[in-house]
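Trainee: So here's entry33.txt (compact mmCIF, C-alpha atoms).
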# COMPACT_ATOMS: atom_id res chain seq x y z
CA MET O 15 1.28 2.91 11.30
CA PHE O 16 2.57 1.84 7.92
CA LYS O 17 5.40 4.25 7.58
CA LYS O 18 7.86 1.40 7.38
CA PHE O 19 6.22 -1.81 6.34
CA SER O 20 7.74 -4.58 4.33
CA PRO O 21 5.76 -7.80 3.88
CA SER O 22 8.83 -9.99 4.07
CA THR O 23 9.74 -8.96 7.59
CA ASP O 24 6.68 -7.36 9.15
CA ILE O 25 4.03 -9.98 8.51
CA ALA O 26 3.86 -12.57 11.26
CA GLY O 27 1.24 -14.80 9.67
CA GLN O 28 -1.77 -15.09 7.42
CA THR O 29 -4.75 -17.12 8.52
CA PRO O 30 -8.28 -17.44 7.16
CA VAL O 31 -10.89 -15.91 9.44
CA LYS O 32 -13.53 -18.05 11.16
CA THR O 33 -17.06 -17.41 9.90
CA SER O 34 -18.25 -16.41 13.37
CA VAL O 35 -15.51 -13.82 13.61
CA GLN O 36 -16.32 -12.66 10.08
CA ARG O 37 -19.92 -12.07 11.02
CA GLY O 38 -18.71 -10.04 13.96
CA ILE O 39 -16.48 -7.94 11.71
CA ARG O 40 -19.26 -7.42 9.21
CA ALA O 41 -21.63 -6.23 11.92
CA ALA O 42 -18.97 -3.94 13.41
CA ILE O 43 -18.27 -2.39 10.01
CA LEU O 44 -21.94 -1.78 9.33
CA SER O 45 -22.20 0.07 12.61
CA GLN O 46 -18.92 1.97 12.51
CA TRP O 47 -18.80 3.06 8.86
CA LYS O 48 -21.50 4.86 6.92
CA ILE O 49 -21.85 2.08 4.41
CA GLU O 50 -24.94 0.46 2.95
CA PRO O 51 -25.23 -3.31 3.36
CA GLU O 52 -25.56 -3.69 -0.40
CA THR O 53 -22.41 -1.71 -1.04
CA LEU O 54 -20.55 -3.73 1.58
CA GLU O 55 -21.81 -6.84 -0.19
CA ALA O 56 -20.40 -5.55 -3.48
CA LEU O 57 -17.08 -4.80 -1.82
CA TRP O 58 -16.95 -7.94 0.31
CA PRO O 59 -19.42 -10.65 -0.77
CA LYS O 60 -20.90 -12.74 2.03
CA LYS O 61 -19.65 -16.01 0.65
CA GLU O 62 -16.05 -14.93 0.46
CA GLY O 63 -13.70 -15.44 3.36
CA LEU O 64 -11.34 -12.79 4.64
CA VAL O 65 -7.72 -13.53 5.35
CA HIS O 66 -6.34 -12.17 8.60
CA VAL O 67 -2.81 -10.87 8.14
CA LYS O 68 -1.05 -10.39 11.46
CA CYS O 69 1.58 -7.68 11.48
CA ARG O 70 3.88 -6.47 14.20
CA ASP O 71 2.71 -4.13 16.97
CA HIS O 72 -0.70 -5.82 17.16
CA VAL O 73 -1.77 -4.50 13.78
CA SER O 74 -4.18 -6.72 11.84
CA ILE O 75 -5.04 -6.37 8.22
CA TYR O 76 -8.03 -8.17 6.79
CA SER O 77 -7.68 -8.84 3.10
CA LEU O 78 -9.77 -10.36 0.36
CA HIS O 79 -8.01 -12.21 -2.45
CA GLY O 80 -4.76 -10.62 -1.41
CA GLU O 81 -6.10 -7.06 -1.51
CA PRO O 82 -6.06 -5.39 1.92
CA LEU O 83 -9.47 -4.03 2.92
CA ILE O 84 -9.59 -3.35 6.64
CA ILE O 85 -7.00 -2.34 9.19
CA GLN O 86 -7.25 -2.73 12.93
CA HIS O 87 -4.88 -1.83 15.71
CA PHE O 88 -5.29 -3.88 18.92
CA ASP O 89 -9.07 -4.03 19.31
CA GLY O 90 -9.67 -0.52 18.15
CA PRO O 91 -11.94 0.78 15.44
CA PHE O 92 -11.78 -0.69 11.95
CA TYR O 93 -10.22 1.54 9.32
CA PRO O 94 -10.72 1.02 5.60
CA THR O 95 -7.57 0.93 3.50
CA LEU O 96 -6.98 4.07 1.50
CA ARG O 97 -7.76 2.33 -1.77
CA VAL O 98 -11.14 1.24 -0.42
CA LEU O 99 -11.77 4.76 0.86
CA HIS O 100 -11.01 6.20 -2.56
CA LYS O 101 -13.61 3.96 -4.12
CA TYR O 102 -16.27 4.80 -1.54
CA PRO O 103 -15.36 8.21 -0.10
CA TYR O 104 -18.44 8.61 2.05
CA ILE O 105 -18.00 5.66 4.40
CA LEU O 106 -16.09 7.69 6.98
CA PRO O 107 -16.78 11.20 8.26
CA LYS O 108 -14.31 13.64 6.81
CA VAL O 109 -12.03 16.33 8.10
CA GLY O 110 -9.91 18.58 5.95
CA ILE O 111 -6.35 19.80 6.33
CA ASP O 112 -4.92 22.88 4.71
CA ARG O 113 -2.41 22.84 1.90
CA GLY O 114 0.63 23.46 4.03
CA ALA O 115 0.00 20.35 6.09
CA ILE O 116 -0.19 18.00 3.11
CA ARG O 117 3.52 17.39 2.78
CA TYR O 118 3.83 16.60 6.49
CA LEU O 119 0.97 14.18 6.30
CA LEU O 120 2.57 12.48 3.31
CA ALA O 121 5.65 11.98 5.46
CA GLY O 122 3.56 10.30 8.15
CA ALA O 123 3.31 13.04 10.79
CA PRO O 124 0.27 13.32 13.08
CA MET O 125 -1.97 16.26 12.24
CA MET O 126 -2.04 19.21 14.63
CA CYS O 127 -5.13 21.25 15.45
CA PRO O 128 -4.10 24.42 13.59
CA GLY O 129 -3.97 22.47 10.32
CA LEU O 130 -7.67 21.69 10.70
CA THR O 131 -8.93 24.91 12.25
CA SER O 132 -7.16 27.33 9.91
CA LYS O 133 -8.75 28.89 6.87
CA GLY O 134 -7.79 26.05 4.55
CA GLY O 135 -8.78 23.28 6.92
CA TRP O 136 -12.28 21.90 7.30
CA LEU O 137 -14.07 20.52 10.32
CA PRO O 138 -17.65 19.34 10.42
CA PRO O 139 -20.10 21.90 11.83
CA ALA O 140 -21.04 21.88 15.50
CA GLU O 141 -24.24 19.86 15.02
CA GLU O 142 -22.29 17.03 13.45
CA GLY O 143 -19.37 17.27 15.84
CA LEU O 144 -17.31 14.11 16.12
CA PRO O 145 -16.17 12.70 19.45
CA ALA O 146 -12.56 11.87 20.23
CA GLY O 147 -11.61 8.35 19.21
CA SER O 148 -13.59 8.21 15.98
CA ALA O 149 -12.10 7.11 12.70
CA VAL O 150 -12.08 9.83 10.05
CA ALA O 151 -11.12 10.24 6.43
CA ILE O 152 -8.61 13.05 5.95
CA PHE O 153 -9.04 15.20 2.87
CA ALA O 154 -6.75 17.94 1.68
CA GLU O 155 -7.62 21.48 0.65
CA GLY O 156 -8.44 21.56 -3.00
CA LYS O 157 -8.22 17.84 -3.63
CA ASP O 158 -10.93 15.35 -4.47
CA HIS O 159 -9.35 12.23 -3.08
CA ALA O 160 -8.65 11.36 0.52
CA VAL O 161 -5.06 11.64 1.69
CA GLY O 162 -5.31 9.43 4.70
CA VAL O 163 -7.31 7.70 7.39
CA GLY O 164 -6.86 8.65 11.01
CA LEU O 165 -8.15 8.58 14.53
CA LEU O 166 -9.37 11.75 16.23
CA LYS O 167 -7.48 12.48 19.41
CA LEU O 168 -9.78 15.38 20.30
CA GLY O 169 -13.43 15.96 19.50
CA THR O 170 -14.04 18.49 16.75
CA GLU O 171 -15.52 21.05 19.12
CA GLU O 172 -12.56 20.69 21.49
CA MET O 173 -10.24 21.23 18.54
CA ARG O 174 -11.86 24.52 17.74
CA ARG O 175 -11.60 25.66 21.33
CA VAL O 176 -8.15 24.45 22.35
CA ASN O 177 -6.37 24.65 18.98
CA LYS O 178 -3.20 23.10 20.28
CA ASP O 179 -1.40 19.77 20.01
CA VAL O 180 -2.25 16.64 18.10
CA ALA O 181 -5.68 16.45 16.53
CA VAL O 182 -5.53 13.35 14.32
CA GLU O 183 -3.23 10.36 14.51
CA LEU O 184 -2.68 8.68 11.16
CA ALA O 185 -3.53 5.06 10.55
CA THR O 186 -2.62 5.05 6.88
CA TYR O 187 -1.79 7.73 4.33
CA LEU O 188 -1.19 8.13 0.63
CA GLY O 189 2.19 6.80 -0.36
CA ASP O 190 2.95 4.80 2.75
CA ASP O 191 4.21 1.26 2.46
CA LEU O 192 0.71 -0.18 2.63
CA TRP O 193 -0.29 1.93 -0.39
CA ALA O 194 2.78 0.71 -2.20
CA HIS O 195 1.79 -2.94 -1.75
CA LYS O 196 -1.45 -3.43 -3.59
CA ALA O 197 -1.58 -7.09 -2.70
CA LEU O 198 -0.33 -8.97 0.31
CA MET T 25 -40.05 -15.85 21.85
CA PRO T 26 -41.33 -14.74 18.46
CA SER T 27 -39.24 -16.33 15.76
CA LYS T 28 -37.88 -14.36 12.85
CA LYS T 29 -40.50 -15.85 10.56
CA ASN T 30 -43.35 -14.32 12.55
CA GLN T 31 -41.78 -10.90 12.49
CA THR T 32 -41.44 -10.72 8.72
CA LEU T 33 -45.07 -11.62 8.32
CA VAL T 34 -46.07 -8.62 10.42
CA THR T 35 -44.31 -5.87 8.44
CA PRO T 36 -46.23 -6.03 5.14
CA VAL T 37 -49.43 -5.36 7.07
CA SER T 38 -48.07 -2.11 8.47
CA ALA T 39 -46.75 -0.96 5.09
CA PRO T 40 -49.36 -2.17 2.65
CA GLU T 41 -48.16 0.00 -0.24
CA GLU T 42 -44.87 -1.92 -0.42
CA SER T 43 -44.74 -5.31 -2.03
CA VAL T 44 -44.30 -8.27 0.31
CA ALA T 45 -40.57 -8.38 -0.35
CA PRO T 46 -39.31 -4.87 -1.22
CA PRO T 47 -36.46 -5.12 -3.71
CA PRO T 48 -33.10 -4.30 -2.10
CA PRO T 49 -31.67 -0.97 -3.24
CA ASP T 50 -28.79 -1.19 -5.69
CA PRO T 51 -25.32 -0.94 -4.24
CA VAL T 52 -23.61 2.37 -4.75
CA PRO T 53 -20.99 1.89 -7.45
CA PRO T 54 -17.40 2.59 -6.49
CA VAL T 55 -15.75 5.79 -7.64
CA GLN T 56 -13.51 5.00 -10.58
CA TYR T 57 -10.25 6.80 -10.67
CA GLU T 58 -6.82 6.23 -12.01
CA CYS T 59 -3.49 6.59 -10.34
CA SER T 60 -0.45 7.93 -12.05
CA LEU T 61 1.69 5.09 -13.33
CA VAL T 62 4.78 7.08 -12.49
CA CYS T 63 4.27 7.90 -8.83
CA SER T 64 1.23 5.69 -8.01
CA PHE T 65 -0.71 8.62 -6.54
CA PRO T 66 -3.97 9.99 -7.87
CA PRO T 67 -2.93 12.64 -10.42
CA GLU T 68 -3.80 15.58 -8.20
CA TYR T 69 -1.14 14.52 -5.69
CA CYS T 70 1.66 14.16 -8.20
CA GLU T 71 3.17 17.44 -7.09
CA PHE T 72 3.96 15.85 -3.72
CA GLY T 73 5.52 12.81 -5.29
CA SER T 74 9.10 12.62 -6.34
CA SER T 75 8.79 12.87 -10.11
CA LEU T 76 6.54 15.77 -11.00
CA THR T 77 7.96 16.41 -14.48
CA ARG T 78 7.59 12.81 -15.57
CA CYS T 79 4.11 12.63 -14.04
CA LYS T 80 3.06 15.71 -15.96
CA GLU T 81 4.34 14.27 -19.24
CA TRP T 82 2.58 10.99 -18.62
CA LEU T 83 -0.66 12.72 -17.71
CA LYS T 84 -0.52 14.91 -20.80
CA GLU T 85 -0.10 11.87 -23.04
CA THR T 86 -2.78 9.73 -21.47
CA HIS T 87 -5.47 12.01 -20.07
CA GLU T 88 -5.32 15.38 -21.73
CA ASN T 89 -8.50 16.60 -20.03
CA LEU T 90 -7.19 15.79 -16.56
CA TYR T 91 -3.92 17.53 -17.42
CA ASP T 92 -5.77 20.69 -18.30
CA LYS T 93 -7.86 20.41 -15.17
CA TYR T 94 -4.89 20.23 -12.83
CA TYR T 95 -2.15 22.14 -14.59
CA SER T 96 -3.86 24.85 -16.57
CA GLU T 97 -3.17 28.46 -15.62
CA ASP T 98 -6.21 29.19 -13.48
CA ALA T 99 -6.03 25.76 -11.85
CA LEU T 100 -2.49 26.58 -10.71
CA THR T 101 -3.46 29.96 -9.30
CA SER T 102 -6.47 28.58 -7.47
CA LYS T 103 -4.31 25.77 -6.10
CA VAL T 104 -2.15 28.27 -4.23
CA GLY T 105 -5.25 28.72 -2.14
CA THR T 106 -4.79 29.91 1.39
CA LEU T 107 -1.00 29.74 1.53
CA SER T 108 0.91 32.95 1.55
CA LEU T 109 3.28 33.68 -1.29
CA GLU T 110 6.46 32.80 0.53
CA ALA T 111 5.01 29.61 1.93
CA GLN T 112 4.04 28.55 -1.57
CA ALA T 113 7.51 29.38 -2.90
CA LYS T 114 9.10 27.39 -0.10
CA LEU T 115 6.80 24.45 -0.83
CA GLU T 116 7.80 24.49 -4.47
CA LYS T 117 11.48 24.64 -3.61
CA ASP T 118 11.13 21.72 -1.23
CA THR T 119 9.35 19.55 -3.76
CA ALA T 120 11.93 20.40 -6.42
CA LYS T 121 14.68 19.38 -4.02
CA LYS T 122 12.90 16.16 -3.18
CA GLU T 123 12.50 15.40 -6.85
CA ALA T 124 16.18 15.96 -7.50
CA LYS T 125 17.09 13.70 -4.58
CA ALA T 126 14.81 10.95 -5.82
CA GLU T 127 16.34 11.15 -9.29
CA ALA T 128 19.85 10.94 -7.82
CA LYS T 129 18.85 7.92 -5.77
CA ALA T 130 17.34 6.19 -8.82
CA ASP T 131 20.52 6.87 -10.80
CA ALA T 132 22.73 5.52 -8.03
CA ALA T 133 20.61 2.38 -7.78
CA LEU T 134 20.82 1.85 -11.51
CA LYS T 135 24.59 2.27 -11.52
CA LYS T 136 24.95 -0.13 -8.65
CA LYS T 137 22.81 -2.60 -10.54
CA LEU T 138 25.06 -2.43 -13.58
CA ALA T 139 28.19 -2.78 -11.53
CA SER T 140 27.03 -5.62 -9.32
CA GLN T 141 28.06 -9.13 -10.14
CA ILE T 142 26.35 -12.42 -9.92
CA ILE T 143 28.78 -14.81 -8.32
CA ILE T 144 28.33 -18.48 -9.03
CA LYS T 145 30.38 -20.63 -6.71
CA ARG T 146 31.11 -24.27 -7.04
CA ILE T 147 31.75 -25.55 -3.56
CA GLU T 148 33.10 -28.98 -2.81
CA ARG T 149 31.01 -30.89 -0.31
CA ASN T 150 32.65 -34.32 -0.32
CA LYS T 151 35.30 -35.60 -2.65
CA ARG T 152 32.71 -36.43 -5.29
CA LYS T 153 29.89 -34.06 -4.53
CA HIS T 154 29.54 -30.35 -5.08
CA VAL T 155 27.00 -27.63 -4.47
CA THR T 156 26.51 -24.56 -6.58
CA SER T 157 25.82 -21.26 -4.92
CA VAL T 158 24.39 -18.26 -6.78
CA GLN T 159 24.78 -14.88 -5.13
CA GLY T 160 23.76 -11.42 -6.19
CA LEU T 161 20.55 -12.14 -8.08
CA GLU T 162 18.49 -9.75 -5.96
CA ALA T 163 20.29 -6.74 -7.34
CA PHE T 164 18.62 -7.60 -10.63
CA GLY T 165 15.17 -7.84 -9.15
CA VAL T 166 14.84 -11.60 -9.38
CA ASP T 167 12.45 -13.31 -6.98
CA LEU T 168 14.79 -15.72 -5.21
CA LYS T 169 12.17 -18.23 -4.15
CA LYS T 170 10.82 -18.56 -7.67
CA ALA T 171 14.33 -18.79 -9.11
CA ALA T 172 15.24 -21.52 -6.62
CA LYS T 173 12.14 -23.47 -7.58
CA GLN T 174 12.98 -23.05 -11.22
CA PHE T 175 16.50 -24.39 -10.69
CA SER T 176 15.31 -27.34 -8.69
CA SER T 177 12.76 -28.34 -11.31
CA LYS T 178 15.20 -27.91 -14.16
CA PHE T 179 18.02 -29.89 -12.58
CA ALA T 180 15.82 -32.33 -10.64
CA THR T 181 17.82 -31.69 -7.48
CA GLY T 182 17.24 -29.76 -4.30
CA SER T 183 17.68 -26.02 -4.16
CA SER T 184 17.02 -23.48 -1.47
CA VAL T 185 17.41 -19.86 -0.50
CA THR T 186 19.75 -19.32 2.43
CA LYS T 187 21.55 -16.46 4.10
CA ASN T 188 25.28 -16.68 3.81
CA LEU T 189 27.85 -15.42 6.30
CA GLN T 190 27.69 -11.85 5.01
CA GLY T 191 23.94 -11.75 5.51
CA GLN T 192 23.13 -11.80 1.82
CA ASP T 193 20.59 -14.17 0.35
CA GLU T 194 21.95 -16.82 -1.93
CA ILE T 195 20.51 -19.76 -3.82
CA VAL T 196 22.20 -23.09 -3.14
CA VAL T 197 21.66 -25.86 -5.70
CA GLN T 198 22.82 -29.39 -4.99
CA GLY T 199 25.23 -30.84 -7.50
CA ASP T 200 27.62 -29.19 -9.90
CA VAL T 201 25.35 -27.25 -12.19
CA SER T 202 27.37 -24.06 -12.50
CA ASP T 203 27.74 -24.21 -16.25
CA GLU T 204 24.09 -24.88 -16.80
CA ILE T 205 23.18 -21.98 -14.56
CA ILE T 206 25.38 -19.68 -16.60
CA GLU T 207 23.61 -20.85 -19.71
CA MET T 208 20.20 -20.29 -18.16
CA ILE T 209 21.15 -16.76 -17.20
CA HIS T 210 22.43 -16.08 -20.71
CA ASP T 211 19.21 -17.31 -22.22
CA GLY T 212 17.14 -15.43 -19.72
CA VAL T 213 14.65 -18.19 -19.00
CA GLY T 214 11.75 -17.75 -16.62
CA VAL T 215 12.47 -15.33 -13.78
CA LEU T 216 16.04 -14.78 -14.89
CA LYS T 217 15.20 -11.99 -17.28
CA GLY T 218 17.34 -9.10 -18.29
CA ILE T 219 20.69 -10.04 -16.82
CA PRO T 220 23.60 -8.94 -18.96
CA ALA T 221 26.13 -11.67 -19.63
CA ASP T 222 29.24 -9.89 -18.42
CA ASN T 223 27.98 -9.50 -14.88
CA VAL T 224 28.32 -13.20 -14.22
CA ASP T 225 31.34 -14.60 -12.42
CA LEU T 226 32.30 -18.21 -11.88
CA VAL T 227 34.35 -19.08 -8.82
CA GLU T 228 35.63 -22.38 -7.57
CA GLU T 229 35.78 -22.87 -3.87
CA LYS T 230 37.23 -25.62 -1.84
CA LYS T 231 35.48 -25.68 1.47
CA LYS T 232 38.19 -27.37 3.44
CA LYS T 233 37.22 -28.14 7.00
CA GLY T 234 40.09 -27.72 9.50
CA GLY T 235 42.08 -30.94 9.88
CA ASP T 236 41.81 -32.84 13.14
Can you present the structure in this file as structure tokens?
Mentor:
Amino acid sequence: MFKKFSPSTDIAGQTPVKTSVQRGIRAAILSQWKIEPETLEALWPKKEGLVHVKCRDHVSIYSLHGEPLIIQHFDGPFYPTLRVLHKYPYILPKVGIDRGAIRYLLAGAPMMCPGLTSKGGWLPPAEEGLPAGSAVAIFAEGKDHAVGVGLLKLGTEEMRRVNKDVAVELATYLGDDLWAHKAL
Amino acid sequence: MPSKKNQTLVTPVSAPEESVAPPPPDPVPPVQYECSLVCSFPPEYCEFGSSLTRCKEWLKETHENLYDKYYSEDALTSKVGTLSLEAQAKLEKDTAKKEAKAEAKADAALKKKLASQIIIKRIERNKRKHVTSVQGLEAFGVDLKKAAKQFSSKFATGSSVTKNLQGQDEIVVQGDVSDEIIEMIHDGVGVLKGIPADNVDLVEEKKKKGGD
């Protein structure tokens, strides 16, 4: 989503968010991410207002004091920015890709099933299987920090069975233009 | 409909061992980590960036323990992980190529920067009045909006950032201030830092509208 993103041309407008909408976002985050209310409070204090940055292609970024925190495409799930995910790695369920897929991910390609089902990849076990359409944190084989945030196109069990085609679509990844701009 | 107040009064009865208002648990502290100043990635991803050698030097100087963790002998062998030998070799070749390309691009950009000129034009508006146009500041990494504001406050006239016919951004300052602008660039005040003196060019233009 942020493969080519330059604030001067791609930002349509920045508006402060209404408190009612903010409450809605806060509630949605508490339900979608695995985050404690106290930790969310430390990251985004209740008194502080978010700024809604509208970008092209119906992409919204919610930022606090200029630092982007949350990404949303259309009315889809909320994704944390990669910097936020690095600080709190547990807020999203994780999937792992193998080493060979890292360079393709860093170029912005969607992740294919074999990258996750192979020996180097990692999928959550069957009891914790994730449905299609959930936001996940993408980790790489042998690395401590997340490489990207994406949306599952197939459930994890389906991935193991079918093992073909796109598994995860990227929302943001390490080194994309959103990572390059620490403040908007 | 039971109000919120009634509900909170009920809970302490069911959990008598807790105090009336259990203290909220502490927030989980964020993971602290540092990104490489060279490639802006966390150090473990430097090999996928475009400047591995410089990243390694930087890491060795600043965080010796992290350097050993990522680049020591057994760390490198374990990093190969599940890739076959030829895949790993190909990966290394690709990253080396990418690094070389990035270096070439940085060199070309630097050369272009040294060669590019700042053109200061003095354009005649009416018989008495002139405007001064400054082109080419962006090649030197100057924020045009801030520079325009600086000019307008210094000369107490209007100044703005516009796109000229070629599509480049230029700063237009009302009045004939070309000499003062040259001086400001020489002194390097405010945003106008680091511009070598010989890259500045002064041009006089007579914007003659076609006669009727």
Trainee: Select residues of chain O: the criterion is any atom within 8 Å of an atom of chain T, counting all atoms listed in the file; output as a tab-separated table (two decimals) with C-alpha atoms, in the frame of the given file.
Mentor:
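The new file iface_2.tsv reads:
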chain	number	residue	atom	x	y	z
O	50	GLU	CA	-24.94	0.46	2.95
O	51	PRO	CA	-25.23	-3.31	3.36
O	52	GLU	CA	-25.56	-3.69	-0.40
O	53	THR	CA	-22.41	-1.71	-1.04
O	55	GLU	CA	-21.81	-6.84	-0.19
O	56	ALA	CA	-20.40	-5.55	-3.48
O	100	HIS	CA	-11.01	6.20	-2.56
O	101	LYS	CA	-13.61	3.96	-4.12
O	102	TYR	CA	-16.27	4.80	-1.54
O	103	PRO	CA	-15.36	8.21	-0.10
O	112	ASP	CA	-4.92	22.88	4.71
O	113	ARG	CA	-2.41	22.84	1.90
O	114	GLY	CA	0.63	23.46	4.03
O	117	ARG	CA	3.52	17.39	2.78
O	120	LEU	CA	2.57	12.48	3.31
O	133	LYS	CA	-8.75	28.89	6.87
O	134	GLY	CA	-7.79	26.05	4.55
O	156	GLY	CA	-8.44	21.56	-3.00
O	157	LYS	CA	-8.22	17.84	-3.63
O	159	HIS	CA	-9.35	12.23	-3.08
O	188	LEU	CA	-1.19	8.13	0.63
O	189	GLY	CA	2.19	6.80	-0.36
O	194	ALA	CA	2.78	0.71	-2.20
Trainee: Taking all atoms listed in the file into account, name the residue in T:Lys129, T:Lys121, T:Glu88, T:Phe164 that is nearest to Gln141 of chain T.
Mentor: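 Counting all atoms listed in the file, the residue closest to Gln141 of chain T is T:Phe164.
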Trainee: What is the distance, in Å and to one decimal place, between atom CA of Leu83 of chain T and atom CA of Thr95 of chain O?
Mentor: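 Going from atom CA of Leu83 of chain T over to atom CA of Thr95 of chain O covers 25.2 Å.
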Trainee: Counting only C-alpha atoms, select every polymer residue within 9 Å of (-3.6, -9.8, 10.9) as defined in the file's coordinates, and provide the selection as a compact mmCIF listing (two decimals) with C-alpha atoms, in the coordinates of the input.
Mentor:
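point00.txt was written with the following content:
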# COMPACT_ATOMS: atom_id res chain seq x y z
CA ILE O 25 4.03 -9.98 8.51
CA ALA O 26 3.86 -12.57 11.26
CA GLY O 27 1.24 -14.80 9.67
CA GLN O 28 -1.77 -15.09 7.42
CA THR O 29 -4.75 -17.12 8.52
CA VAL O 65 -7.72 -13.53 5.35
CA HIS O 66 -6.34 -12.17 8.60
CA VAL O 67 -2.81 -10.87 8.14
CA LYS O 68 -1.05 -10.39 11.46
CA CYS O 69 1.58 -7.68 11.48
CA ARG O 70 3.88 -6.47 14.20
CA HIS O 72 -0.70 -5.82 17.16
CA VAL O 73 -1.77 -4.50 13.78
CA SER O 74 -4.18 -6.72 11.84
CA ILE O 75 -5.04 -6.37 8.22
CA TYR O 76 -8.03 -8.17 6.79
CA SER O 77 -7.68 -8.84 3.10
CA ILE O 85 -7.00 -2.34 9.19
CA GLN O 86 -7.25 -2.73 12.93
Trainee: What's the separation between atom CA of Leu165 of chain O and atom CA of Glu141 of chain O, in Å to one decimal place?
Mentor: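 Atom CA of Glu141 of chain O lies at a distance of 19.7 Å from atom CA of Leu165 of chain O.
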Trainee: Which residue out of O:Gly143, O:Pro21, O:Trp193, O:Ala149 has the minimum interatomic distance to Glu171 of chain O when only C-alpha atoms are used?
Mentor: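 Ranking O:Gly143, O:Pro21, O:Trp193, O:Ala149 by distance to Glu171 of chain O, first place goes to O:Gly143.
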Trainee: Kindly provide, as a list of chain:residue names, the polymer residues lying within 8 Å of (-5.9, 24.2, 14.4), counting all atoms listed in the file and using the coordinates exactly as they appear in the file.
Mentor: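 So the residues meeting the distance criterion are O:Met126, O:Cys127, O:Pro128, O:Gly129, O:Leu130, O:Thr131, O:Ser132, O:Met173, O:Arg174, O:Asn177, O:Lys178.
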Trainee: Given the choices O:His79, O:His87, O:Lys108, O:Lys167, which gets closest to Pro138 of chain O if the distance is worked out from all atoms listed in the file?
Mentor: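 Checking each candidate against Pro138 of chain O, we get O:Lys108 as the closest.
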Trainee: In Å, rounded to a single decimal, give me how far atom CA of Arg78 of chain T is from atom CA of Ala120 of chain T.
Mentor: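 Going from atom CA of Ala120 of chain T over to atom CA of Arg78 of chain T, I get 12.7 Å.
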Trainee: Quick one: of O:Arg175, O:Val150, O:Lys196, O:Gly135, who's nearest to Lys48 of chain O, counting only C-alpha atoms?
Mentor: O:Val150
Trainee: Within 10 Å of segment 15-18 of chain O, counting all atoms listed in the file, which residues show up once you throw out same-chain ones fewer than 6 positions away? Write them as a PyMOL selection string, please.
Mentor: chain O and resi 24+71+73+87+120-123+164+183-187+189-193
Trainee: May I have the selected residues written with C-alpha atoms, as a short mmCIF file (atom, residue, chain, number, x, y, z; two decimals), in the coordinates of the input?
Mentor:
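Saved the output as result37.cif:
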data_model
loop_
_atom_site.label_atom_id
_atom_site.label_comp_id
_atom_site.auth_asym_id
_atom_site.auth_seq_id
_atom_site.Cartn_x
_atom_site.Cartn_y
_atom_site.Cartn_z
CA ASP O 24 6.68 -7.36 9.15
CA ASP O 71 2.71 -4.13 16.97
CA VAL O 73 -1.77 -4.50 13.78
CA HIS O 87 -4.88 -1.83 15.71
CA LEU O 120 2.57 12.48 3.31
CA ALA O 121 5.65 11.98 5.46
CA GLY O 122 3.56 10.30 8.15
CA ALA O 123 3.31 13.04 10.79
CA GLY O 164 -6.86 8.65 11.01
CA GLU O 183 -3.23 10.36 14.51
CA LEU O 184 -2.68 8.68 11.16
CA ALA O 185 -3.53 5.06 10.55
CA THR O 186 -2.62 5.05 6.88
CA TYR O 187 -1.79 7.73 4.33
CA GLY O 189 2.19 6.80 -0.36
CA ASP O 190 2.95 4.80 2.75
CA ASP O 191 4.21 1.26 2.46
CA LEU O 192 0.71 -0.18 2.63
CA TRP O 193 -0.29 1.93 -0.39
#
